[in-house]
Amino acid sequence: MSEKTACGFVALIGEPNAGKSTLLNQMVGAKVSIVTHKVQTTRARIRGIAIEGNAQLVFVDTPGLFRPRRRLDRAMVSAAWAGAADADIVVLLVEAHRGITEGVAAILAALQDRTPKGQKVALAINKIDRVKSEVLLALTTELNAAYNFASTFMISAERGHGVQDLRIWLAGEVPKGVWHYPEDQIADAPLRQIAAEITREKLTLRLHQELPYQLTVETEGWEERRDGSVKIDQMIFVTREGHRGIALGPKGETIKGVSMASRQEIAVFLGRKVHLFLQVKVRPKWQEDSERYTEMGLEFKDGN
Ligand SMILES: Nc1nc2c(ncn2[C@@H]2O[C@H](COP(=O)(O)OP(=O)(O)OP(=O)(O)O)[C@@H](O)[C@H]2O)c(=O)[nH]1
Ligand SMILES: [Mg+2]
């Protein structure tokens, strides 16, 4: 069996908002990683598992690569590069309509140093639904002149165009060997973490400016009820009292909306009834608190 099967890790990297999480979800066929129209949505590495023929493909979603400023940024960017270095294959996503931005140029310049020698990197030009084909051809040529990609794909992660070609190619590239996960497993992240991420997505969609970047969500309680439902308690940490007020909203309407949307989605994900309880706590220095990073699956680094 092991001679016929193949299994490997595929890291999805790119600038914030490139569509990495959307692609992971499309590959898996379920929503495993949260998606918003805002940059820096994904904070830690999330794995989604797909099967193509005899190959099991373990996709590693990573936070976007950008120039980090805060401690949290640095932890995110370093998690992303670590994801790339650990993978069997890397897929770099570039947004078709934005082309070679300063950020993409910086990633291209860093790729060689940050990945093991000989590691295959495929290029996926994403969001092709947003541009004309002439633009795509020019961009493909330009990008392939800048880096020696193993292969180039033109995709729309959202609509699914080109995704199957990429999946088939990846299945042929991953090493032969036994599968790492049971056939029916689609994600490798604790359910509590996925549930917290879903709530963070709903908050990010409803709150504006800096606030989504100044909060974190943790699942603090998970109680299986006899009737088959699950009671989930989550804590939203914000940095200031004012942010707490905004997160709650007038008459608690904002948090109510978040809670309802999140509960519904967690229930779909778990396939069971969910009771969700949210609380908002002010913790001015949570971004300097190593425990918060551990909860997110990030490494807390002193100094740098
Ligand atoms: N038009 C179009 N939009 C897309 C496509 N793929 C993703 N998007 C949108 O791009 C935005 C960002 O998608 P994400 O999947 O969250 O991007 P990401 O790379 O994971 O972003 P970070 O986690 O912030 O690094 C969302 O609004 C998606 O709906 C696509 O193929 N076409
Ligand atoms: Mg993401």
# chains A, B, ... in the order shown; residues from 1 in each chain; ligands from 1
>>> residues_around(residues="Ala55 of chain A", least_positions_apart="4", cutoff="6 Å", atoms="only C-alpha atoms", output="list in words")
Thr5, Ala6, Cys7, Ile51 and Ala171 of chain A
>>> write_last_selection(atoms="all heavy atoms", output="mmCIF file, in the first residue's frame")
data_model
loop_
_atom_site.group_PDB
_atom_site.id
_atom_site.type_symbol
_atom_site.label_atom_id
_atom_site.label_comp_id
_atom_site.auth_asym_id
_atom_site.auth_seq_id
_atom_site.Cartn_x
_atom_site.Cartn_y
_atom_site.Cartn_z
ATOM 1 N N THR A 5 0.866 4.710 -2.333
ATOM 2 C CA THR A 5 0.324 5.964 -1.827
ATOM 3 C C THR A 5 1.417 7.030 -1.738
ATOM 4 O O THR A 5 2.613 6.745 -1.756
ATOM 5 C CB THR A 5 -0.317 5.780 -0.438
ATOM 6 O OG1 THR A 5 0.668 5.270 0.442
ATOM 7 C CG2 THR A 5 -1.510 4.846 -0.487
ATOM 8 N N ALA A 6 0.948 8.266 -1.639
ATOM 9 C CA ALA A 6 1.871 9.387 -1.483
ATOM 10 C C ALA A 6 1.256 10.345 -0.480
ATOM 11 O O ALA A 6 0.042 10.369 -0.284
ATOM 12 C CB ALA A 6 2.084 10.079 -2.823
ATOM 13 N N CYS A 7 2.122 11.091 0.174
ATOM 14 C CA CYS A 7 1.616 12.032 1.175
ATOM 15 C C CYS A 7 2.647 13.133 1.382
ATOM 16 O O CYS A 7 3.846 12.852 1.462
ATOM 17 C CB CYS A 7 1.378 11.299 2.495
ATOM 18 S SG CYS A 7 0.717 12.369 3.773
ATOM 19 N N ILE A 51 -7.538 14.793 -0.467
ATOM 20 C CA ILE A 51 -7.071 13.561 -1.105
ATOM 21 C C ILE A 51 -7.244 13.684 -2.612
ATOM 22 O O ILE A 51 -8.286 14.141 -3.090
ATOM 23 C CB ILE A 51 -7.847 12.346 -0.552
ATOM 24 C CG1 ILE A 51 -7.399 12.111 0.901
ATOM 25 C CG2 ILE A 51 -7.607 11.091 -1.393
ATOM 26 C CD1 ILE A 51 -8.298 11.206 1.674
ATOM 27 N N ALA A 171 -0.319 16.276 -6.354
ATOM 28 C CA ALA A 171 -0.430 14.849 -6.039
ATOM 29 C C ALA A 171 0.713 14.066 -6.693
ATOM 30 O O ALA A 171 1.199 13.075 -6.143
ATOM 31 C CB ALA A 171 -1.782 14.311 -6.490
#
>>> select_by_dssp(residues="segment 4-242 of chain A", states="alpha helix (DSSP H)", output="ChimeraX atom specification")
/A:20-28,71-86,102-114,133-146,163-173,191-206,241-242
>>> residues_around(residues="Val131 of chain A", least_positions_apart="6", cutoff="12 Å", atoms="only C-alpha atoms", output="list in words")
Glu95, Ala96, His97, Arg98, Gly99, Ile125, Leu137, Ala138, Leu139, Met154, Ile155 and Ser156 of chain A
>>> write_last_selection(atoms="N, CA and C atoms", output="PDB file, in the first residue's frame")
ATOM      1  N   GLU A  95      -1.380  37.860  -6.320  1.00  0.00           N
ATOM      2  CA  GLU A  95      -2.655  38.374  -6.822  1.00  0.00           C
ATOM      3  C   GLU A  95      -2.502  38.929  -8.230  1.00  0.00           C
ATOM      4  N   ALA A  96      -3.308  38.402  -9.141  1.00  0.00           N
ATOM      5  CA  ALA A  96      -3.198  38.762 -10.557  1.00  0.00           C
ATOM      6  C   ALA A  96      -3.340  40.267 -10.794  1.00  0.00           C
ATOM      7  N   HIS A  97      -4.280  40.881 -10.124  1.00  0.00           N
ATOM      8  CA  HIS A  97      -4.553  42.292 -10.412  1.00  0.00           C
ATOM      9  C   HIS A  97      -3.564  43.237  -9.741  1.00  0.00           C
ATOM     10  N   ARG A  98      -2.775  42.711  -8.782  1.00  0.00           N
ATOM     11  CA  ARG A  98      -1.804  43.583  -8.116  1.00  0.00           C
ATOM     12  C   ARG A  98      -0.402  43.392  -8.666  1.00  0.00           C
ATOM     13  N   GLY A  99      -0.136  42.217  -9.221  1.00  0.00           N
ATOM     14  CA  GLY A  99       1.148  41.968  -9.865  1.00  0.00           C
ATOM     15  C   GLY A  99       2.311  41.929  -8.881  1.00  0.00           C
ATOM     16  N   ILE A 125      -0.914  32.095  -9.645  1.00  0.00           N
ATOM     17  CA  ILE A 125      -1.425  33.457  -9.821  1.00  0.00           C
ATOM     18  C   ILE A 125      -2.921  33.376  -9.545  1.00  0.00           C
ATOM     19  N   LEU A 137      -0.565  36.841 -18.909  1.00  0.00           N
ATOM     20  CA  LEU A 137       0.592  36.311 -19.629  1.00  0.00           C
ATOM     21  C   LEU A 137       1.835  37.131 -19.327  1.00  0.00           C
ATOM     22  N   ALA A 138       1.672  38.441 -19.307  1.00  0.00           N
ATOM     23  CA  ALA A 138       2.812  39.317 -19.009  1.00  0.00           C
ATOM     24  C   ALA A 138       3.322  39.063 -17.589  1.00  0.00           C
ATOM     25  N   LEU A 139       2.403  38.910 -16.666  1.00  0.00           N
ATOM     26  CA  LEU A 139       2.782  38.691 -15.258  1.00  0.00           C
ATOM     27  C   LEU A 139       3.487  37.346 -15.085  1.00  0.00           C
ATOM     28  N   MET A 154      -2.638  29.239 -13.060  1.00  0.00           N
ATOM     29  CA  MET A 154      -3.477  30.431 -13.000  1.00  0.00           C
ATOM     30  C   MET A 154      -4.808  30.003 -12.420  1.00  0.00           C
ATOM     31  N   ILE A 155      -5.131  30.575 -11.285  1.00  0.00           N
ATOM     32  CA  ILE A 155      -6.296  30.068 -10.561  1.00  0.00           C
ATOM     33  C   ILE A 155      -7.236  31.173 -10.080  1.00  0.00           C
ATOM     34  N   SER A 156      -8.429  30.768  -9.774  1.00  0.00           N
ATOM     35  CA  SER A 156      -9.307  31.592  -8.963  1.00  0.00           C
ATOM     36  C   SER A 156      -9.696  30.715  -7.778  1.00  0.00           C
TER      37      SER A 156
END
>>> residues_near_ligand(ligand="ligand 1", cutoff="10 Å", atoms="only C-alpha atoms and all ligand atoms", output="PDB file with C-alpha atoms, in the first residue's frame")
ATOM      1  CA  LEU A  12       0.648  28.113   0.939  1.00  0.00           C
ATOM      2  CA  ILE A  13       2.523  31.380   1.215  1.00  0.00           C
ATOM      3  CA  GLY A  14       2.055  34.899  -0.091  1.00  0.00           C
ATOM      4  CA  GLU A  15       1.236  38.440   0.875  1.00  0.00           C
ATOM      5  CA  PRO A  16      -1.643  39.107   3.254  1.00  0.00           C
ATOM      6  CA  ASN A  17      -4.980  38.827   1.434  1.00  0.00           C
ATOM      7  CA  ALA A  18      -3.523  36.817  -1.488  1.00  0.00           C
ATOM      8  CA  GLY A  19      -6.202  34.143  -1.018  1.00  0.00           C
ATOM      9  CA  LYS A  20      -4.233  31.432   0.804  1.00  0.00           C
ATOM     10  CA  SER A  21      -7.014  30.502   3.210  1.00  0.00           C
ATOM     11  CA  THR A  22      -9.578  30.583   0.414  1.00  0.00           C
ATOM     12  CA  LEU A  23      -7.411  28.178  -1.586  1.00  0.00           C
ATOM     13  CA  LEU A  24      -6.948  25.865   1.385  1.00  0.00           C
ATOM     14  CA  ASN A  25     -10.714  25.713   1.912  1.00  0.00           C
ATOM     15  CA  GLN A  26     -11.279  25.107  -1.787  1.00  0.00           C
ATOM     16  CA  SER A  33      -9.500  28.372   7.748  1.00  0.00           C
ATOM     17  CA  ILE A  34     -11.156  31.746   8.208  1.00  0.00           C
ATOM     18  CA  VAL A  35     -11.362  34.248   5.347  1.00  0.00           C
ATOM     19  CA  THR A  36     -12.041  37.977   5.319  1.00  0.00           C
ATOM     20  CA  HIS A  37     -11.532  40.815   2.871  1.00  0.00           C
ATOM     21  CA  LYS A  38      -9.033  42.337   5.336  1.00  0.00           C
ATOM     22  CA  VAL A  39      -5.287  41.738   5.438  1.00  0.00           C
ATOM     23  CA  GLN A  40      -3.631  39.663   8.164  1.00  0.00           C
ATOM     24  CA  THR A  41      -6.589  37.458   8.884  1.00  0.00           C
ATOM     25  CA  THR A  42      -4.706  34.212   9.448  1.00  0.00           C
ATOM     26  CA  ARG A  43      -2.406  34.311  12.456  1.00  0.00           C
ATOM     27  CA  ALA A  44      -1.130  30.791  12.886  1.00  0.00           C
ATOM     28  CA  ARG A  45      -0.501  27.751  10.749  1.00  0.00           C
ATOM     29  CA  ASP A  61      -2.163  27.726   5.528  1.00  0.00           C
ATOM     30  CA  THR A  62       0.195  30.394   6.783  1.00  0.00           C
ATOM     31  CA  PRO A  63      -0.140  34.012   7.882  1.00  0.00           C
ATOM     32  CA  GLY A  64       0.657  36.503   5.141  1.00  0.00           C
ATOM     33  CA  LEU A  65       4.249  37.595   4.613  1.00  0.00           C
ATOM     34  CA  PHE A  66       4.767  41.299   5.182  1.00  0.00           C
ATOM     35  CA  MET A  76       3.080  35.552  12.384  1.00  0.00           C
ATOM     36  CA  VAL A  77       5.710  36.134   9.720  1.00  0.00           C
ATOM     37  CA  ALA A  80       4.769  31.566   7.818  1.00  0.00           C
ATOM     38  CA  LEU A  93       0.197  32.911  -4.304  1.00  0.00           C
ATOM     39  CA  VAL A  94       0.381  36.214  -6.153  1.00  0.00           C
ATOM     40  CA  GLU A  95      -2.655  38.374  -6.822  1.00  0.00           C
ATOM     41  CA  ALA A  96      -3.198  38.762 -10.557  1.00  0.00           C
ATOM     42  CA  HIS A  97      -4.553  42.292 -10.412  1.00  0.00           C
ATOM     43  CA  ILE A 125      -1.425  33.457  -9.821  1.00  0.00           C
ATOM     44  CA  ASN A 126      -4.707  33.920  -8.002  1.00  0.00           C
ATOM     45  CA  LYS A 127      -7.833  36.012  -8.577  1.00  0.00           C
ATOM     46  CA  ILE A 128      -7.604  35.587 -12.351  1.00  0.00           C
ATOM     47  CA  ASP A 129     -11.310  36.453 -12.441  1.00  0.00           C
ATOM     48  CA  ARG A 130     -10.209  40.040 -11.889  1.00  0.00           C
ATOM     49  CA  VAL A 131      -7.927  40.521 -14.905  1.00  0.00           C
ATOM     50  CA  MET A 154      -3.477  30.431 -13.000  1.00  0.00           C
ATOM     51  CA  ILE A 155      -6.296  30.068 -10.561  1.00  0.00           C
ATOM     52  CA  SER A 156      -9.307  31.592  -8.963  1.00  0.00           C
ATOM     53  CA  ALA A 157      -9.290  30.179  -5.451  1.00  0.00           C
ATOM     54  CA  GLU A 158     -12.715  31.625  -4.833  1.00  0.00           C
ATOM     55  CA  ARG A 159     -14.403  30.272  -7.939  1.00  0.00           C
ATOM     56  CA  GLY A 160     -12.329  27.126  -8.126  1.00  0.00           C
ATOM     57  CA  HIS A 161     -10.886  27.741 -11.602  1.00  0.00           C
ATOM     58  CA  GLY A 162      -7.567  25.967 -12.140  1.00  0.00           C
ATOM     59  CA  VAL A 163      -7.602  24.524  -8.640  1.00  0.00           C
ATOM     60  CA  GLU A 201     -13.682  35.994  11.733  1.00  0.00           C
TER      61      GLU A 201
END
>>> residues_around(residues="segment 187-197 of chain A", least_positions_apart="5", cutoff="8 Å", atoms="only C-alpha atoms", output="list in words")
Val32, Ser33, Ile34, Ile46, Arg47, Gly48, Ile49, Val217, Glu218, Thr219, Trp222, Gln234, Ile266, Glu295 and Met296 of chain A
>>> closest_residue(among="A:Phe59, A:Phe300, A:Tyr293, A:Phe153", to="Asp165 of chain A", atoms="only C-alpha atoms")
A:Phe153
>>> select_by_dssp(residues="segment 131-256 of chain A", states="strand (DSSP E or B)", output="list in words")
Ser151, Thr152, Phe153, Met154, Ser156, His161, Lys176, Ala187, Asp188, Thr216, Val217, Glu218, Thr219, Glu220, Gly221, Trp222, Glu223, Glu224, Val230, Lys231, Ile232, Asp233, Gln234, Met235, Ile236, Phe237 and Val238 of chain A
>>> closest_residue(among="A:Ala106, A:Ala84, A:Ile236, A:Leu170", to="Ser259 of chain A", atoms="only C-alpha atoms")
A:Ile236
>>> residues_around(residues="segment 231-233 of chain A", least_positions_apart="3", cutoff="6 Å", atoms="only C-alpha atoms", output="PyMOL selection string")
chain A and resi 219-223+274-277
>>> write_last_selection(atoms="N, CA and C atoms", output="short mmCIF file (atom, residue, chain, number, x, y, z; two decimals), in the first residue's frame")
data_model
loop_
_atom_site.label_atom_id
_atom_site.label_comp_id
_atom_site.auth_asym_id
_atom_site.auth_seq_id
_atom_site.Cartn_x
_atom_site.Cartn_y
_atom_site.Cartn_z
N THR A 219 -11.00 29.88 23.31
CA THR A 219 -12.07 29.03 23.83
C THR A 219 -11.66 28.60 25.24
N GLU A 220 -12.47 28.95 26.21
CA GLU A 220 -12.10 28.65 27.60
C GLU A 220 -12.88 27.47 28.17
N GLY A 221 -14.05 27.22 27.60
CA GLY A 221 -14.83 26.10 28.13
C GLY A 221 -15.48 25.32 26.98
N TRP A 222 -15.54 24.00 27.16
CA TRP A 222 -16.10 23.13 26.12
C TRP A 222 -16.79 21.98 26.83
N GLU A 223 -18.08 22.04 26.85
CA GLU A 223 -18.80 21.04 27.64
C GLU A 223 -19.76 20.27 26.76
N VAL A 274 -25.03 23.96 19.03
CA VAL A 274 -24.01 24.66 19.82
C VAL A 274 -24.67 25.76 20.67
N HIS A 275 -24.24 25.87 21.92
CA HIS A 275 -24.61 27.01 22.75
C HIS A 275 -23.32 27.80 22.93
N LEU A 276 -23.32 29.04 22.50
CA LEU A 276 -22.08 29.81 22.54
C LEU A 276 -22.21 31.00 23.48
N PHE A 277 -21.24 31.14 24.36
CA PHE A 277 -21.25 32.26 25.30
C PHE A 277 -19.96 33.07 25.15
#
>>> closest_residue(among="A:Ile198, A:Ile246, A:Ile255, A:Leu298", to="Leu211 of chain A", atoms="only C-alpha atoms")
A:Ile246
>>> atom_distance(atom1="atom CA of Ala85 of chain A", atom2="atom CA of Arg70 of chain A")
22.7 Å
